[in-house]
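Have a look at model-v8.cif; it's mmCIF, C-alpha atoms and all ligand atoms:
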data_target
loop_
_atom_site.label_atom_id
_atom_site.label_comp_id
_atom_site.auth_asym_id
_atom_site.auth_seq_id
_atom_site.Cartn_x
_atom_site.Cartn_y
_atom_site.Cartn_z
CA MET A 168 0.00 0.00 0.00
CA GLN A 169 1.11 3.49 -0.79
CA ALA A 170 0.63 4.75 2.76
CA ALA A 171 3.00 2.11 4.07
CA ILE A 172 5.78 3.21 1.76
CA GLU A 173 5.30 6.95 2.09
CA ARG A 174 5.56 7.51 5.80
CA PRO A 175 4.24 10.91 6.84
CA ILE A 176 7.06 13.32 7.62
CA THR A 177 5.66 14.38 10.96
CA THR A 178 4.71 11.85 13.55
CA ASP A 179 2.19 12.80 16.16
CA VAL A 180 1.87 16.56 15.91
CA PRO A 181 -1.86 17.30 16.02
CA VAL A 182 -1.65 20.06 13.42
CA HIS A 183 1.07 20.58 10.85
CA LEU A 184 0.48 23.01 8.01
CA GLU A 185 3.21 23.18 5.42
CA GLY A 186 2.94 26.18 3.16
CA ILE A 187 -0.78 25.89 2.57
CA GLY A 188 -2.30 28.52 0.30
CA LYS A 189 -5.57 29.17 -1.44
CA GLU A 190 -6.69 31.17 -4.44
CA TYR A 191 -10.33 31.85 -5.14
CA GLY A 192 -10.11 32.75 -8.82
CA HIS A 193 -7.48 35.49 -8.98
CA PHE A 194 -7.87 36.39 -5.33
CA THR A 195 -5.32 35.03 -2.88
CA ALA A 196 -7.12 34.28 0.37
CA LEU A 197 -4.18 32.42 1.91
CA LYS A 198 -0.56 32.90 0.87
CA SER A 199 1.69 30.20 2.28
CA LEU A 200 0.92 29.29 5.84
CA GLU A 201 3.33 27.34 8.01
CA LEU A 202 1.92 26.41 11.37
CA THR A 203 2.38 23.66 13.92
CA VAL A 204 0.32 23.02 17.01
CA ALA A 205 1.78 20.78 19.69
CA GLU A 206 -0.20 18.26 21.66
CA GLY A 207 -2.18 19.66 24.58
CA THR A 208 -1.97 23.23 23.30
CA ALA A 209 -4.98 25.49 22.88
CA LEU A 210 -4.19 27.73 19.93
CA GLY A 211 -6.16 30.88 19.25
CA PHE A 212 -6.19 31.56 15.53
CA LEU A 213 -6.76 35.29 15.40
CA GLY A 214 -7.42 37.71 12.62
CA PRO A 215 -9.89 40.29 11.36
CA ASN A 216 -12.74 39.52 8.96
CA GLY A 217 -11.46 38.08 5.71
CA ALA A 218 -8.02 37.23 7.11
CA GLY A 219 -8.23 33.63 5.90
CA LYS A 220 -9.11 31.82 9.14
CA SER A 221 -12.07 29.85 7.82
CA THR A 222 -10.18 29.08 4.62
CA THR A 223 -7.39 27.55 6.70
CA ILE A 224 -9.83 25.56 8.81
CA LYS A 225 -11.67 24.28 5.75
CA ILE A 226 -8.39 23.10 4.25
CA MET A 227 -7.47 21.40 7.54
CA THR A 228 -10.79 19.56 7.61
CA ASN A 229 -10.73 18.71 3.90
CA LEU A 230 -13.80 20.77 3.06
CA ILE A 231 -11.81 22.60 0.40
CA ARG A 232 -8.69 21.76 -1.54
CA PRO A 233 -5.62 23.95 -1.00
CA SER A 234 -4.03 25.58 -4.05
CA ARG A 235 -0.64 24.60 -2.63
CA GLY A 236 1.00 23.04 0.39
CA ARG A 237 -0.05 20.26 2.67
CA ALA A 238 -2.10 19.94 5.84
CA SER A 239 -1.47 17.00 8.17
CA LEU A 240 -3.31 16.02 11.33
CA PHE A 241 -1.42 13.66 13.62
CA GLY A 242 1.03 13.11 10.85
CA ILE A 243 -1.61 12.04 8.34
CA ASP A 244 -2.07 13.98 5.10
CA VAL A 245 -5.63 15.29 5.07
CA ARG A 246 -6.03 15.05 1.31
CA ARG A 247 -4.44 11.66 0.84
CA GLU A 248 -6.14 9.91 3.72
CA PRO A 249 -9.05 12.06 4.82
CA THR A 250 -10.93 9.38 6.72
CA ARG A 251 -7.93 8.41 8.80
CA ALA A 252 -6.79 12.00 9.31
CA LEU A 253 -10.21 13.20 10.39
CA ALA A 254 -10.99 10.23 12.64
CA ARG A 255 -9.15 11.79 15.57
CA ILE A 256 -10.65 15.24 15.28
CA GLY A 257 -13.93 16.91 16.07
CA ALA A 258 -14.88 20.17 14.39
CA VAL A 259 -17.49 22.88 14.59
CA ILE A 260 -17.41 24.96 11.45
CA GLU A 261 -19.85 27.81 10.94
CA THR A 262 -23.18 27.87 12.73
CA PRO A 263 -24.36 24.29 12.86
CA GLU A 264 -27.87 23.36 11.82
CA PHE A 265 -29.87 20.78 13.73
CA TYR A 266 -33.23 19.17 13.18
CA GLY A 267 -35.49 21.14 15.51
CA TYR A 268 -37.82 18.24 16.21
CA LEU A 269 -34.98 16.07 17.55
CA SER A 270 -33.58 16.16 21.07
CA PRO A 271 -29.87 16.33 21.91
CA PHE A 272 -29.93 12.62 22.78
CA GLU A 273 -31.46 11.76 19.40
CA THR A 274 -29.09 14.08 17.57
CA LEU A 275 -26.06 12.51 19.22
CA ALA A 276 -27.41 9.00 18.57
CA TYR A 277 -27.69 9.85 14.89
CA ALA A 278 -24.20 11.38 14.79
CA GLY A 279 -22.77 8.40 16.67
CA ARG A 280 -24.30 5.91 14.23
CA LEU A 281 -22.79 7.83 11.35
CA ARG A 282 -19.45 7.47 13.08
CA GLY A 283 -19.94 3.75 13.52
CA MET A 284 -20.27 3.81 17.31
CA SER A 285 -22.26 1.09 19.10
CA PRO A 286 -25.58 1.99 20.78
CA LYS A 287 -24.08 1.40 24.20
CA GLU A 288 -21.05 3.52 23.44
CA ILE A 289 -23.30 6.26 22.10
CA ARG A 290 -25.46 6.25 25.23
CA ASN A 291 -22.50 6.37 27.60
CA ARG A 292 -20.65 9.04 25.71
CA SER A 293 -23.78 11.15 25.22
CA GLU A 294 -24.34 11.31 28.94
CA VAL A 295 -20.77 12.28 29.68
CA ILE A 296 -20.58 14.84 26.94
CA LEU A 297 -23.95 16.49 27.60
CA LYS A 298 -22.89 16.91 31.19
CA GLU A 299 -19.68 18.50 30.03
CA VAL A 300 -21.51 21.11 27.95
CA LYS A 301 -24.15 21.52 30.67
CA LEU A 302 -27.10 20.28 28.66
CA THR A 303 -28.03 17.25 30.78
CA GLU A 304 -31.32 18.80 31.82
CA TRP A 305 -32.16 19.44 28.19
CA ALA A 306 -31.14 16.05 26.83
CA ASP A 307 -34.69 15.05 25.89
CA ARG A 308 -36.06 18.43 24.91
CA ARG A 309 -36.57 19.49 21.33
CA ILE A 310 -33.77 21.56 19.92
CA GLN A 311 -36.22 24.06 18.44
CA GLU A 312 -36.65 25.45 21.97
CA PHE A 313 -32.92 26.07 22.32
CA SER A 314 -31.09 29.38 22.36
CA LYS A 315 -28.16 29.95 20.02
CA GLY A 316 -25.69 29.40 22.85
CA MET A 317 -27.28 26.07 23.70
CA LYS A 318 -27.13 24.98 20.08
CA GLN A 319 -23.48 25.94 19.96
CA ARG A 320 -22.79 23.86 23.05
CA LEU A 321 -24.65 20.97 21.48
CA ALA A 322 -22.50 21.35 18.37
CA ILE A 323 -19.40 21.11 20.56
CA ALA A 324 -20.89 18.02 22.23
CA GLN A 325 -21.46 16.46 18.83
CA ALA A 326 -17.87 17.20 17.85
CA LEU A 327 -16.65 15.59 21.07
CA LEU A 328 -18.80 12.48 20.89
CA HIS A 329 -16.08 10.14 19.64
CA GLU A 330 -13.49 11.55 22.08
CA PRO A 331 -11.31 13.27 19.51
CA ASP A 332 -7.77 14.26 20.41
CA LEU A 333 -8.07 17.54 18.54
CA LEU A 334 -10.99 19.92 18.53
CA ILE A 335 -11.23 22.47 15.73
CA LEU A 336 -13.61 25.38 16.26
CA ASP A 337 -14.31 28.17 13.82
CA GLU A 338 -15.38 31.21 15.85
CA PRO A 339 -17.16 29.20 18.51
CA THR A 340 -18.67 32.22 20.26
CA SER A 341 -19.67 34.24 17.23
CA GLY A 342 -23.27 35.43 17.30
CA LEU A 343 -23.74 34.61 20.99
CA ASP A 344 -24.74 37.04 23.72
CA PRO A 345 -22.24 37.66 26.55
CA ARG A 346 -23.65 34.87 28.65
CA GLY A 347 -23.67 32.41 25.77
CA MET A 348 -20.07 33.40 25.02
CA ALA A 349 -19.02 32.87 28.62
CA GLU A 350 -20.68 29.45 28.67
CA VAL A 351 -18.95 28.30 25.51
CA ARG A 352 -15.63 29.62 26.80
CA GLU A 353 -16.07 27.67 30.02
CA VAL A 354 -16.60 24.50 28.00
CA ILE A 355 -13.45 25.10 25.96
CA LYS A 356 -11.43 25.91 29.07
CA SER A 357 -12.50 22.67 30.71
CA LEU A 358 -11.48 20.73 27.59
CA LYS A 359 -8.13 22.41 27.71
CA GLY A 360 -7.88 21.42 31.35
CA GLN A 361 -8.23 17.81 30.24
CA GLY A 362 -5.16 18.21 28.07
CA ARG A 363 -6.91 18.14 24.71
CA THR A 364 -5.56 20.05 21.78
CA VAL A 365 -7.77 22.89 20.64
CA PHE A 366 -7.50 24.94 17.46
CA MET A 367 -9.96 27.78 17.58
CA SER A 368 -10.40 30.78 15.37
CA SER A 369 -11.63 34.06 16.74
CA HIS A 370 -11.41 37.73 16.06
CA LEU A 371 -11.65 38.50 19.74
CA LEU A 372 -8.29 38.95 21.35
CA GLY A 373 -9.69 38.99 24.88
CA GLU A 374 -11.34 35.66 24.29
CA VAL A 375 -8.14 34.10 23.02
CA GLN A 376 -6.21 35.53 25.96
CA GLU A 377 -8.69 33.99 28.34
CA VAL A 378 -8.94 30.57 26.76
CA CYS A 379 -5.73 29.84 24.84
CA ASP A 380 -2.05 29.18 25.56
CA ASP A 381 -0.81 30.16 22.13
CA VAL A 382 -1.74 32.69 19.50
CA ALA A 383 -1.32 32.83 15.75
CA LEU A 384 -2.30 36.11 14.15
CA LEU A 385 -3.34 36.15 10.52
CA ASN A 386 -4.12 39.08 8.22
CA HIS A 387 -4.58 39.14 4.45
CA GLY A 388 -3.77 35.45 4.29
CA GLU A 389 -0.41 35.87 6.00
CA LEU A 390 0.85 34.84 9.42
CA LEU A 391 1.99 37.94 11.32
CA VAL A 392 2.67 36.66 14.81
CA ARG A 393 3.01 33.27 16.41
CA GLY A 394 3.84 32.68 20.05
CA SER A 395 2.60 31.96 23.52
CA VAL A 396 0.11 34.37 25.04
CA ARG A 397 2.38 34.87 28.02
CA GLU A 398 5.52 35.63 26.06
CA LEU A 399 3.77 37.92 23.64
CA SER A 400 2.10 39.84 26.45
CA ARG A 401 5.47 40.37 28.06
CA GLY A 402 7.42 41.00 24.93
CA ALA A 403 5.31 43.69 23.28
CA ASP A 404 7.55 46.66 22.66
CA THR A 405 5.07 49.51 22.63
CA SER A 406 2.32 50.11 25.12
CA THR A 407 0.04 52.88 26.24
CA ILE A 408 0.43 54.07 29.79
CA GLN A 409 -1.99 56.28 31.61
CA ALA A 410 -0.42 58.54 34.21
CA THR A 411 -2.29 60.69 36.70
CA PHE A 412 -0.63 63.55 38.59
CA LEU A 413 -1.44 65.22 41.85
CA ARG A 414 -1.76 68.52 39.97
CA PRO A 415 -2.43 69.03 36.24
CA ALA A 416 0.66 68.94 34.05
CA THR A 417 1.51 72.25 32.37
CA PRO A 418 1.90 72.51 28.57
CA GLN A 419 5.66 72.71 29.21
CA ASP A 420 5.50 69.44 31.15
CA LEU A 421 3.64 67.78 28.28
CA GLU A 422 6.19 69.06 25.78
CA ALA A 423 9.04 67.78 27.92
CA LEU A 424 7.38 64.37 28.22
CA ALA A 425 6.85 64.19 24.46
CA ALA A 426 10.56 64.89 23.94
CA LEU A 427 11.69 61.97 26.11
CA PRO A 428 13.36 59.09 24.29
CA GLY A 429 10.86 56.28 23.71
CA VAL A 430 7.80 58.51 24.04
CA GLU A 431 5.90 58.33 20.77
CA GLU A 432 2.79 60.22 21.68
CA VAL A 433 1.39 62.22 24.58
CA LYS A 434 -2.29 62.92 24.91
CA ASP A 435 -3.78 65.14 27.60
CA SER A 436 -6.91 63.35 28.78
CA GLY A 437 -7.93 66.07 31.22
CA ASP A 438 -8.38 65.64 34.98
CA SER A 439 -4.59 65.69 35.50
CA THR A 440 -4.33 62.54 33.38
CA VAL A 441 -2.17 61.90 30.32
CA ASP A 442 -1.95 58.91 28.00
CA LEU A 443 1.51 58.12 26.69
CA ARG A 444 2.53 55.73 23.94
CA ILE A 445 5.89 54.38 25.02
CA SER A 446 8.27 52.09 23.18
CA GLY A 447 11.14 50.09 24.68
CA GLY A 448 9.08 47.60 26.67
CA GLU A 449 9.10 47.67 30.46
CA GLU A 450 12.53 49.30 30.46
CA GLY A 451 11.12 52.20 28.45
CA GLN A 452 8.14 52.56 30.78
CA ALA A 453 10.39 52.67 33.82
CA ARG A 454 12.58 55.39 32.27
CA VAL A 455 9.58 57.61 31.55
CA LEU A 456 8.29 57.26 35.11
CA GLU A 457 11.73 58.20 36.47
CA ALA A 458 11.83 61.24 34.19
CA MET A 459 8.42 62.39 35.42
CA ILE A 460 9.52 62.22 39.03
CA THR A 461 12.81 63.98 38.27
CA ARG A 462 10.81 66.77 36.66
CA GLY A 463 8.82 67.18 39.85
CA LEU A 464 5.57 65.77 38.49
CA ARG A 465 3.91 64.01 41.40
CA VAL A 466 2.58 60.77 39.97
CA THR A 467 -0.40 59.18 41.68
CA THR A 468 -1.11 56.38 39.16
CA TYR A 469 0.88 54.89 36.32
CA ARG A 470 -0.81 51.98 34.60
CA PRO A 471 -1.01 50.31 31.21
CA LEU A 472 -4.16 50.93 29.19
CA GLY A 473 -5.31 47.70 27.60
CA SER A 474 -2.98 44.75 27.50
CA SER A 475 0.30 44.96 25.68
CA LEU A 476 -0.84 41.98 23.64
CA GLU A 477 -3.76 44.06 22.45
CA GLN A 478 -1.36 46.77 21.42
CA LEU A 479 0.82 44.27 19.59
CA TYR A 480 -2.23 42.88 17.82
CA LEU A 481 -3.43 46.31 16.70
CA ASP A 482 0.06 47.43 15.68
CA ARG A 483 0.72 44.37 13.56
CA ILE A 484 -2.67 44.47 11.85
CA GLN A 485 -2.28 48.17 11.14
CA GLU A 486 1.23 47.65 9.82
CA SER A 487 0.13 44.85 7.48
CA ASP A 488 -2.88 46.86 6.29
CA ARG A 489 -0.52 49.66 5.24
CA LEU A 490 1.56 47.40 3.00
N1 LIG A 501 -15.70 30.59 -1.82
C1 LIG A 501 -15.08 31.76 -1.92
N2 LIG A 501 -14.98 32.39 -3.11
C2 LIG A 501 -14.34 33.56 -3.22
N3 LIG A 501 -13.75 34.21 -2.21
C3 LIG A 501 -13.82 33.64 -1.01
C4 LIG A 501 -14.48 32.39 -0.79
N4 LIG A 501 -14.35 32.07 0.51
C5 LIG A 501 -13.66 33.08 1.08
N5 LIG A 501 -13.33 34.02 0.18
C6 LIG A 501 -12.55 35.23 0.45
O1 LIG A 501 -11.33 34.86 1.02
C7 LIG A 501 -10.95 35.75 2.07
C8 LIG A 501 -10.72 34.97 3.34
O2 LIG A 501 -11.97 34.43 3.77
P1 LIG A 501 -12.12 33.60 5.10
O3 LIG A 501 -13.53 33.17 5.16
O4 LIG A 501 -11.08 32.57 5.17
O5 LIG A 501 -11.82 34.71 6.21
P2 LIG A 501 -12.00 34.66 7.78
O6 LIG A 501 -10.70 35.03 8.38
O7 LIG A 501 -12.63 33.40 8.19
O8 LIG A 501 -13.00 35.89 8.03
P3 LIG A 501 -14.21 36.06 9.07
O9 LIG A 501 -13.62 36.57 10.34
O10 LIG A 501 -15.06 37.09 8.42
O11 LIG A 501 -14.91 34.73 9.22
C9 LIG A 501 -12.06 36.78 2.17
O12 LIG A 501 -11.66 37.93 1.49
C10 LIG A 501 -13.23 36.12 1.47
O13 LIG A 501 -14.04 37.07 0.86
MG MG A 502 -14.41 32.88 9.10
#
As structure tokens, how would this structure be written, given the file I've shared?
Amino acid sequence: MQAAIERPITTDVPVHLEGIGKEYGHFTALKSLELTVAEGTALGFLGPNGAGKSTTIKIMTNLIRPSRGRASLFGIDVRREPTRALARIGAVIETPEFYGYLSPFETLAYAGRLRGMSPKEIRNRSEVILKEVKLTEWADRRIQEFSKGMKQRLAIAQALLHEPDLLILDEPTSGLDPRGMAEVREVIKSLKGQGRTVFMSSHLLGEVQEVCDDVALLNHGELLVRGSVRELSRGADTSTIQATFLRPATPQDLEALAALPGVEEVKDSGDSTVDLRISGGEEGQARVLEAMITRGLRVTTYRPLGSSLEQLYLDRIQESDRL
């Protein structure tokens, strides 16, 4: 058999994308994406509308054919051996549709049969999984009574039915109200806690920061940033600091602050408060604070506005939009 001769290059890496790209007609939606996700990692696949997130996910799950490159799941080429590659994954792509007259139990039974699971296996797993997504009480109710958030949790349950090692979610909280979002996030966090690998797209940075270990940032079909949430939060070079003084700063003070090395912008926000864009990481921030004190400005608060990861995200997107 061909598969026996051509051993996959990677072994057990849940996700390995090697230069995948996609053209829709003359439009390049995805350039040449290289991305690996290690076992047990929750990766947040971030990017604005049209960045190419769904295109990537559809290539990974063999819903569309890439124009170039190769996607492998657990070392198995998705195009060459789709059944084997997809057997270990569960996916929720776009808003799932259910039959309204069925209950979650019936829906899962149907999905389980399609996957070749035994009735006993289906029953046991359904109970476990409905508990996990907090739908036990609703197991026998008709789905037509469900809210969007409940349907989304049911979709995740369906994706988890066969205990996949990798869960792929395309914007799992999109279209949900804040409570629905929080509920879905809780489910994903608990999966992560069990050591499963999660690949989830989102355009919400805060969500990714809350749920994921790693981030990949995409824009215009190109990978801009890849790293761990912690490292990227620490490593961002530029951040906005809000400083409040005991007495309002004079125009001369503001001018002097703007002239300091590393200070890119000073904005008087009134009420003795200024917002400063400072480069040079934490070192830069410390130098500006020292300079304020040396100048006799009596600082009462000095705190970052928004996370530095947020700043990094916005900077990189803006930069790539300019090109
Ligand atoms: N079937 C298609 N035919 C033509 N163009 C397409 C098709 N699917 C996607 N595109 C285009 O490719 C680009 C990337 O789309 P994609 O759906 O991957 O983005 P996305 O990052 O998932 O965006 P969103 O956050 O809006 O879901 C977009 O400009 C989109 O218009
Ligand atoms: Mg999308």
**Asked** Which neighbours of A:Ser439 fall inside 8 Å, counting all atoms listed in the file, when residues of the same chain fewer than 3 positions from it are skipped, and could you give them as a ChimeraX atom specification?
**Response** /A:411-416,435-436
I want to know what sits within 6 Å of stretch 267-278 of chain A, based on all atoms listed in the file, with residues of the same chain fewer than 3 positions away left out; could you give that as a PDB file with C-alpha atoms, keeping the file's coordinate frame?
ATOM      1  CA  LEU A 281     -22.790   7.830  11.350  1.00  0.00           C
ATOM      2  CA  ALA A 306     -31.140  16.050  26.830  1.00  0.00           C
ATOM      3  CA  ASP A 307     -34.690  15.050  25.890  1.00  0.00           C
ATOM      4  CA  ARG A 308     -36.060  18.430  24.910  1.00  0.00           C
ATOM      5  CA  ARG A 309     -36.570  19.490  21.330  1.00  0.00           C
ATOM      6  CA  ILE A 310     -33.770  21.560  19.920  1.00  0.00           C
ATOM      7  CA  GLN A 311     -36.220  24.060  18.440  1.00  0.00           C
TER       8      GLN A 311
END
**Request:** For A:Lys298, list every protein, DNA or RNA residue within 12 Å, evaluated using all atoms listed in the file, and leave out those in the same chain fewer than 4 positions away; present the list as a PyMOL selection string.
**Result:** chain A and resi 271-272+291-294+302-306+320-321+323-324+327-328+354+357
**Item:** Env. residues ligand MG 502 (chain A) / 10 Å / all atoms listed in the file / as an MDAnalysis selection string
**Value:** chainID A and resid 214:225 260:261 337:338 341 368:370
**Prompt:** Looking at A:Thr262, A:Thr228, A:Gln361, A:Thr407, which one is nearest to A:Gly342, with distances taken over all atoms listed in the file?
**Reply:** A:Thr262
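Among A:Gly463, A:Pro181, A:Gly192, A:Pro339, the residue with the shortest atom-to-atom distance to A:Ala205, counting only C-alpha atoms, is A:Pro181.
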**Asked** Interatomic distance between atom CA of A:Thr203 and atom P1 of ligand LIG 501 (chain A)?
**Response** 19.7 Å
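Considering the residues A:Leu371, A:Ala258, A:Met227, A:Ala349 and counting all atoms listed in the file, A:Leu334 has its shortest atom-to-atom contact with A:Ala258.
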**Prompt:** Which residue out of A:Arg483, A:Arg251, A:Arg232, A:Arg280 has the minimum interatomic distance to ligand LIG 501 (chain A) when all atoms listed in the file are used?
**Reply:** A:Arg232
